[in-house]
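**Student:** Handing over final.cif, mmCIF, C-alpha atoms; chains and numbers go by the auth columns.
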```
data_target
#
loop_
_atom_site.group_PDB
_atom_site.id
_atom_site.type_symbol
_atom_site.label_atom_id
_atom_site.label_comp_id
_atom_site.label_asym_id
_atom_site.label_seq_id
_atom_site.Cartn_x
_atom_site.Cartn_y
_atom_site.Cartn_z
_atom_site.B_iso_or_equiv
_atom_site.auth_seq_id
_atom_site.auth_asym_id
ATOM 1 C CA MET A 1 24.949 13.172 18.693 0.00 817 J
ATOM 2 C CA ALA A 2 24.003 9.492 18.927 0.00 818 J
ATOM 3 C CA LYS A 3 20.402 8.607 19.593 0.00 819 J
ATOM 4 C CA THR A 4 20.021 6.572 22.755 0.00 820 J
ATOM 5 C CA ASN A 5 17.427 4.300 21.169 0.00 821 J
ATOM 6 C CA SER A 6 19.733 3.306 18.309 0.00 822 J
ATOM 7 C CA PHE A 7 22.082 1.222 20.471 0.00 823 J
ATOM 8 C CA LYS A 8 22.532 -2.394 19.500 0.00 824 J
ATOM 9 C CA PRO A 9 24.635 -4.816 21.541 0.00 825 J
ATOM 10 C CA ALA A 10 28.133 -5.213 20.091 0.00 826 J
ATOM 11 C CA GLY A 11 29.443 -7.806 22.548 0.00 827 J
ATOM 12 C CA GLN A 12 29.735 -8.720 26.213 0.00 828 J
ATOM 13 C CA VAL A 13 31.848 -7.141 28.953 0.00 829 J
ATOM 14 C CA LEU A 14 32.522 -8.415 32.474 0.00 830 J
ATOM 15 C CA ILE A 15 31.354 -6.015 35.205 0.00 831 J
ATOM 16 C CA ASN A 16 31.272 -7.101 38.857 0.00 832 J
ATOM 17 C CA GLN A 17 31.738 -10.742 37.823 0.00 833 J
ATOM 18 C CA ARG A 18 28.693 -10.548 35.549 0.00 834 J
ATOM 19 C CA GLU A 19 28.669 -10.518 31.754 0.00 835 J
ATOM 20 C CA VAL A 20 26.561 -7.694 30.372 0.00 836 J
ATOM 21 C CA PRO A 21 25.950 -6.591 26.785 0.00 837 J
ATOM 22 C CA PHE A 22 27.526 -3.374 25.573 0.00 838 J
ATOM 23 C CA ALA A 23 27.118 -0.970 22.684 0.00 839 J
ATOM 24 C CA THR A 24 29.910 1.244 21.362 0.00 840 J
ATOM 25 C CA TYR A 25 30.226 5.016 21.204 0.00 841 J
ATOM 26 C CA ARG A 26 32.966 7.139 19.619 0.00 842 J
ATOM 27 C CA VAL A 27 33.975 9.991 21.943 0.00 843 J
ATOM 28 C CA GLN A 28 33.288 13.468 20.561 0.00 844 J
ATOM 29 C CA GLU A 29 35.157 16.628 21.496 0.00 845 J
ATOM 30 C CA GLY A 30 33.932 17.895 24.859 0.00 846 J
ATOM 31 C CA ASP A 31 32.458 14.579 26.026 0.00 847 J
ATOM 32 C CA THR A 32 32.923 13.626 29.673 0.00 848 J
ATOM 33 C CA VAL A 33 31.989 10.477 31.577 0.00 849 J
ATOM 34 C CA TYR A 34 29.326 12.421 33.459 0.00 850 J
ATOM 35 C CA GLY A 35 27.978 13.889 30.219 0.00 851 J
ATOM 36 C CA LEU A 36 27.745 10.441 28.642 0.00 852 J
ATOM 37 C CA TRP A 37 25.942 9.150 31.690 0.00 853 J
ATOM 38 C CA LEU A 38 23.425 11.995 31.401 0.00 854 J
ATOM 39 C CA ARG A 39 22.904 11.120 27.732 0.00 855 J
ATOM 40 C CA PHE A 40 22.659 7.353 28.249 0.00 856 J
ATOM 41 C CA ARG A 41 21.353 7.111 31.825 0.00 857 J
ATOM 42 C CA ASP A 42 18.399 5.017 30.666 0.00 858 J
ATOM 43 C CA LYS A 43 20.937 2.369 29.605 0.00 859 J
ATOM 44 C CA THR A 44 23.960 2.518 31.969 0.00 860 J
ATOM 45 C CA THR A 45 25.566 3.918 35.115 0.00 861 J
ATOM 46 C CA VAL A 46 28.734 5.942 35.704 0.00 862 J
ATOM 47 C CA GLY A 47 30.249 2.995 37.576 0.00 863 J
ATOM 48 C CA ALA A 48 29.505 0.619 34.701 0.00 864 J
ATOM 49 C CA LEU A 49 31.028 3.063 32.174 0.00 865 J
ATOM 50 C CA ASN A 50 34.175 3.342 34.286 0.00 866 J
ATOM 51 C CA ALA A 51 34.461 -0.407 34.892 0.00 867 J
ATOM 52 C CA ALA A 52 33.878 -1.421 31.259 0.00 868 J
ATOM 53 C CA ASN A 53 36.468 1.023 29.938 0.00 869 J
ATOM 54 C CA GLY A 54 39.052 1.125 32.742 0.00 870 J
ATOM 55 C CA LEU A 55 38.376 4.831 33.319 0.00 871 J
ATOM 56 C CA GLN A 56 39.433 6.634 36.477 0.00 872 J
ATOM 57 C CA GLY A 57 38.544 10.266 35.803 0.00 873 J
ATOM 58 C CA ASN A 58 35.918 12.311 34.010 0.00 874 J
ATOM 59 C CA GLU A 59 38.040 13.277 30.973 0.00 875 J
ATOM 60 C CA LEU A 60 37.824 11.292 27.737 0.00 876 J
ATOM 61 C CA VAL A 61 40.033 11.116 24.633 0.00 877 J
ATOM 62 C CA THR A 62 38.303 12.419 21.493 0.00 878 J
ATOM 63 C CA GLY A 63 37.986 9.689 18.876 0.00 879 J
ATOM 64 C CA LYS A 64 38.351 6.784 21.313 0.00 880 J
ATOM 65 C CA THR A 65 35.654 4.118 21.108 0.00 881 J
ATOM 66 C CA LEU A 66 34.037 3.358 24.449 0.00 882 J
ATOM 67 C CA LYS A 67 31.922 0.448 25.568 0.00 883 J
ATOM 68 C CA ILE A 68 28.520 1.559 26.862 0.00 884 J
ATOM 69 C CA PRO A 69 27.344 -1.257 29.149 0.00 885 J
ATOM 70 C CA LEU A 70 23.620 -1.866 28.823 0.00 886 J
ATOM 71 C CA VAL A 71 22.952 -2.540 32.501 0.00 887 J
ATOM 72 C CA VAL A 72 19.799 -0.541 33.227 0.00 888 J
#
```
Starting from the coordinates I provided, produce the structure as structure tokens.
**Tutor:**
Amino acid sequence: MAKTNSFKPAGQVLINQREVPFATYRVQEGDTVYGLWLRFRDKTTVGALNAANGLQGNELVTGKTLKIPLVV
């Protein structure tokens, strides 16, 4: 499991017409959008996770790298 305090910005992503920094996270088996939000809620929101990655549901693909917007 990734430590939430080890995130370092990896780039910028456009969310709601605003550029925000993002870190990356490789999806592990069993991860969900809601679960990631619980883990990283001091850094991001569910809406920001969805917008940055073009997600529409709660299910994630194991091994995919996601952008974790650092908006909070």
**Student:** Considering all atoms listed in the file, can you say which of J:Lys859, J:Asn874, J:Gly851, J:Glu845 comes closest to Pro825 in chain J?
**Tutor:**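 Closest residue, counting all atoms listed in the file: J:Lys859.
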**Student:** Tell me, in Å to one decimal, how far CA of Val836 in chain J is from CA of Thr878 in chain J.
**Tutor:**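 CA of Val836 in chain J sits 24.9 Å away from CA of Thr878 in chain J.
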**Student:** Take CA of Phe823 in chain J and CA of Val877 in chain J and report the distance between them in Å, one decimal.
**Tutor:**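 If I compute the distance from CA of Phe823 in chain J to CA of Val877 in chain J, I get 20.9 Å.
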**Student:** Residue by residue, what does the PyMOL selection byres ((chain J and resi 848) around 6) grab here? Present the result as a list of chain:residue names.
**Tutor:**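 What the PyMOL selection byres ((chain J and resi 848) around 6) grabs from the file is J:Asp847, J:Val849, J:Tyr850, J:Gly851, J:Asn874, J:Glu875, J:Leu876.
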**Student:** Could you please determine the separation between CA of Gly873 in chain J and CA of Arg834 in chain J in Å, to one decimal place?
**Tutor:**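 Rounded to one decimal, the two atoms are 23.0 Å apart.
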**Student:** Need the shell around Phe838 in chain J: protein/DNA/RNA residues with any atom at most 7 Å away, counting only C-alpha atoms. Skip same-chain ones fewer than 6 positions apart. Format as an NGL selection string?
**Tutor:** :J and (825-829 or 883-886)
**Student:** Evaluate the PyMOL selection byres ((chain J and resi 881) around 7) on the structure here and hand back the selected residues as an NGL selection string.
**Tutor:** :J and (840-843 or 879-880 or 882-883)
**Student:** Mind listing whatever residues come within 7 Å of the point (27.1, 0.3, 32.9)? Use only C-alpha atoms, file coordinates, and give them as a CSV table (one decimal) with C-alpha atoms, in the coordinates of the input.
**Tutor:**
```csv
chain,number,residue,atom,x,y,z
J,860,THR,CA,24.0,2.5,32.0
J,861,THR,CA,25.6,3.9,35.1
J,862,VAL,CA,28.7,5.9,35.7
J,863,GLY,CA,30.2,3.0,37.6
J,864,ALA,CA,29.5,0.6,34.7
J,865,LEU,CA,31.0,3.1,32.2
J,884,ILE,CA,28.5,1.6,26.9
J,885,PRO,CA,27.3,-1.3,29.1
J,886,LEU,CA,23.6,-1.9,28.8
J,887,VAL,CA,23.0,-2.5,32.5
```
**Student:** Reconstruct N, CA, C and O atoms of range 837-858 of chain J from the incomplete input and present them as a PDB file, keeping the file's coordinate frame.
**Tutor:**
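out_26.pdb, written as the output of this step:
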```
ATOM      1  N   PRO J 837      25.763  -7.054  28.160  1.00  0.00           N
ATOM      2  CA  PRO J 837      25.950  -6.591  26.785  1.00  0.00           C
ATOM      3  C   PRO J 837      26.417  -5.141  26.783  1.00  0.00           C
ATOM      4  O   PRO J 837      26.160  -4.388  27.723  1.00  0.00           O
ATOM      5  N   PHE J 838      27.121  -4.766  25.722  1.00  0.00           N
ATOM      6  CA  PHE J 838      27.526  -3.374  25.573  1.00  0.00           C
ATOM      7  C   PHE J 838      27.335  -2.926  24.133  1.00  0.00           C
ATOM      8  O   PHE J 838      27.359  -3.727  23.209  1.00  0.00           O
ATOM      9  N   ALA J 839      27.126  -1.631  23.988  1.00  0.00           N
ATOM     10  CA  ALA J 839      27.118  -0.970  22.684  1.00  0.00           C
ATOM     11  C   ALA J 839      28.395  -0.134  22.631  1.00  0.00           C
ATOM     12  O   ALA J 839      29.099  -0.005  23.633  1.00  0.00           O
ATOM     13  N   THR J 840      28.713   0.414  21.473  1.00  0.00           N
ATOM     14  CA  THR J 840      29.910   1.244  21.362  1.00  0.00           C
ATOM     15  C   THR J 840      29.526   2.682  21.050  1.00  0.00           C
ATOM     16  O   THR J 840      28.463   2.958  20.493  1.00  0.00           O
ATOM     17  N   TYR J 841      30.417   3.575  21.432  1.00  0.00           N
ATOM     18  CA  TYR J 841      30.226   5.016  21.204  1.00  0.00           C
ATOM     19  C   TYR J 841      31.589   5.632  20.960  1.00  0.00           C
ATOM     20  O   TYR J 841      32.531   5.379  21.717  1.00  0.00           O
ATOM     21  N   ARG J 842      31.712   6.436  19.900  1.00  0.00           N
ATOM     22  CA  ARG J 842      32.966   7.139  19.619  1.00  0.00           C
ATOM     23  C   ARG J 842      32.917   8.500  20.308  1.00  0.00           C
ATOM     24  O   ARG J 842      32.004   9.284  20.092  1.00  0.00           O
ATOM     25  N   VAL J 843      33.913   8.762  21.153  1.00  0.00           N
ATOM     26  CA  VAL J 843      33.975   9.991  21.943  1.00  0.00           C
ATOM     27  C   VAL J 843      34.109  11.202  21.026  1.00  0.00           C
ATOM     28  O   VAL J 843      34.942  11.230  20.120  1.00  0.00           O
ATOM     29  N   GLN J 844      33.270  12.198  21.288  1.00  0.00           N
ATOM     30  CA  GLN J 844      33.288  13.468  20.561  1.00  0.00           C
ATOM     31  C   GLN J 844      33.995  14.524  21.417  1.00  0.00           C
ATOM     32  O   GLN J 844      34.055  14.401  22.636  1.00  0.00           O
ATOM     33  N   GLU J 845      34.493  15.543  20.777  1.00  0.00           N
ATOM     34  CA  GLU J 845      35.157  16.628  21.496  1.00  0.00           C
ATOM     35  C   GLU J 845      34.213  17.206  22.552  1.00  0.00           C
ATOM     36  O   GLU J 845      33.048  17.475  22.285  1.00  0.00           O
ATOM     37  N   GLY J 846      34.716  17.336  23.766  1.00  0.00           N
ATOM     38  CA  GLY J 846      33.932  17.895  24.859  1.00  0.00           C
ATOM     39  C   GLY J 846      33.176  16.870  25.689  1.00  0.00           C
ATOM     40  O   GLY J 846      32.614  17.212  26.724  1.00  0.00           O
ATOM     41  N   ASP J 847      33.139  15.615  25.249  1.00  0.00           N
ATOM     42  CA  ASP J 847      32.458  14.579  26.026  1.00  0.00           C
ATOM     43  C   ASP J 847      33.173  14.343  27.346  1.00  0.00           C
ATOM     44  O   ASP J 847      34.401  14.418  27.430  1.00  0.00           O
ATOM     45  N   THR J 848      32.399  14.038  28.373  1.00  0.00           N
ATOM     46  CA  THR J 848      32.923  13.626  29.673  1.00  0.00           C
ATOM     47  C   THR J 848      32.152  12.382  30.099  1.00  0.00           C
ATOM     48  O   THR J 848      31.077  12.084  29.557  1.00  0.00           O
ATOM     49  N   VAL J 849      32.685  11.652  31.065  1.00  0.00           N
ATOM     50  CA  VAL J 849      31.989  10.477  31.577  1.00  0.00           C
ATOM     51  C   VAL J 849      30.625  10.884  32.120  1.00  0.00           C
ATOM     52  O   VAL J 849      29.612  10.256  31.820  1.00  0.00           O
ATOM     53  N   TYR J 850      30.595  11.958  32.891  1.00  0.00           N
ATOM     54  CA  TYR J 850      29.326  12.421  33.459  1.00  0.00           C
ATOM     55  C   TYR J 850      28.342  12.814  32.354  1.00  0.00           C
ATOM     56  O   TYR J 850      27.161  12.473  32.407  1.00  0.00           O
ATOM     57  N   GLY J 851      28.832  13.492  31.344  1.00  0.00           N
ATOM     58  CA  GLY J 851      27.978  13.889  30.219  1.00  0.00           C
ATOM     59  C   GLY J 851      27.415  12.691  29.477  1.00  0.00           C
ATOM     60  O   GLY J 851      26.246  12.690  29.068  1.00  0.00           O
ATOM     61  N   LEU J 852      28.241  11.651  29.296  1.00  0.00           N
ATOM     62  CA  LEU J 852      27.745  10.441  28.642  1.00  0.00           C
ATOM     63  C   LEU J 852      26.706   9.750  29.508  1.00  0.00           C
ATOM     64  O   LEU J 852      25.702   9.245  29.006  1.00  0.00           O
ATOM     65  N   TRP J 853      26.941   9.736  30.819  1.00  0.00           N
ATOM     66  CA  TRP J 853      25.942   9.150  31.690  1.00  0.00           C
ATOM     67  C   TRP J 853      24.621   9.911  31.581  1.00  0.00           C
ATOM     68  O   TRP J 853      23.562   9.298  31.498  1.00  0.00           O
ATOM     69  N   LEU J 854      24.661  11.228  31.554  1.00  0.00           N
ATOM     70  CA  LEU J 854      23.425  11.995  31.401  1.00  0.00           C
ATOM     71  C   LEU J 854      22.705  11.627  30.106  1.00  0.00           C
ATOM     72  O   LEU J 854      21.485  11.505  30.069  1.00  0.00           O
ATOM     73  N   ARG J 855      23.473  11.447  29.042  1.00  0.00           N
ATOM     74  CA  ARG J 855      22.904  11.120  27.732  1.00  0.00           C
ATOM     75  C   ARG J 855      22.338   9.700  27.696  1.00  0.00           C
ATOM     76  O   ARG J 855      21.306   9.457  27.075  1.00  0.00           O
ATOM     77  N   PHE J 856      23.020   8.765  28.348  1.00  0.00           N
ATOM     78  CA  PHE J 856      22.659   7.353  28.249  1.00  0.00           C
ATOM     79  C   PHE J 856      22.171   6.763  29.567  1.00  0.00           C
ATOM     80  O   PHE J 856      22.200   5.554  29.766  1.00  0.00           O
ATOM     81  N   ARG J 857      21.698   7.596  30.485  1.00  0.00           N
ATOM     82  CA  ARG J 857      21.353   7.111  31.825  1.00  0.00           C
ATOM     83  C   ARG J 857      20.191   6.119  31.829  1.00  0.00           C
ATOM     84  O   ARG J 857      19.987   5.419  32.812  1.00  0.00           O
ATOM     85  N   ASP J 858      19.449   6.033  30.740  1.00  0.00           N
ATOM     86  CA  ASP J 858      18.399   5.017  30.666  1.00  0.00           C
ATOM     87  C   ASP J 858      18.964   3.653  30.276  1.00  0.00           C
ATOM     88  O   ASP J 858      18.247   2.667  30.218  1.00  0.00           O
TER      89      ASP J 858
END
```
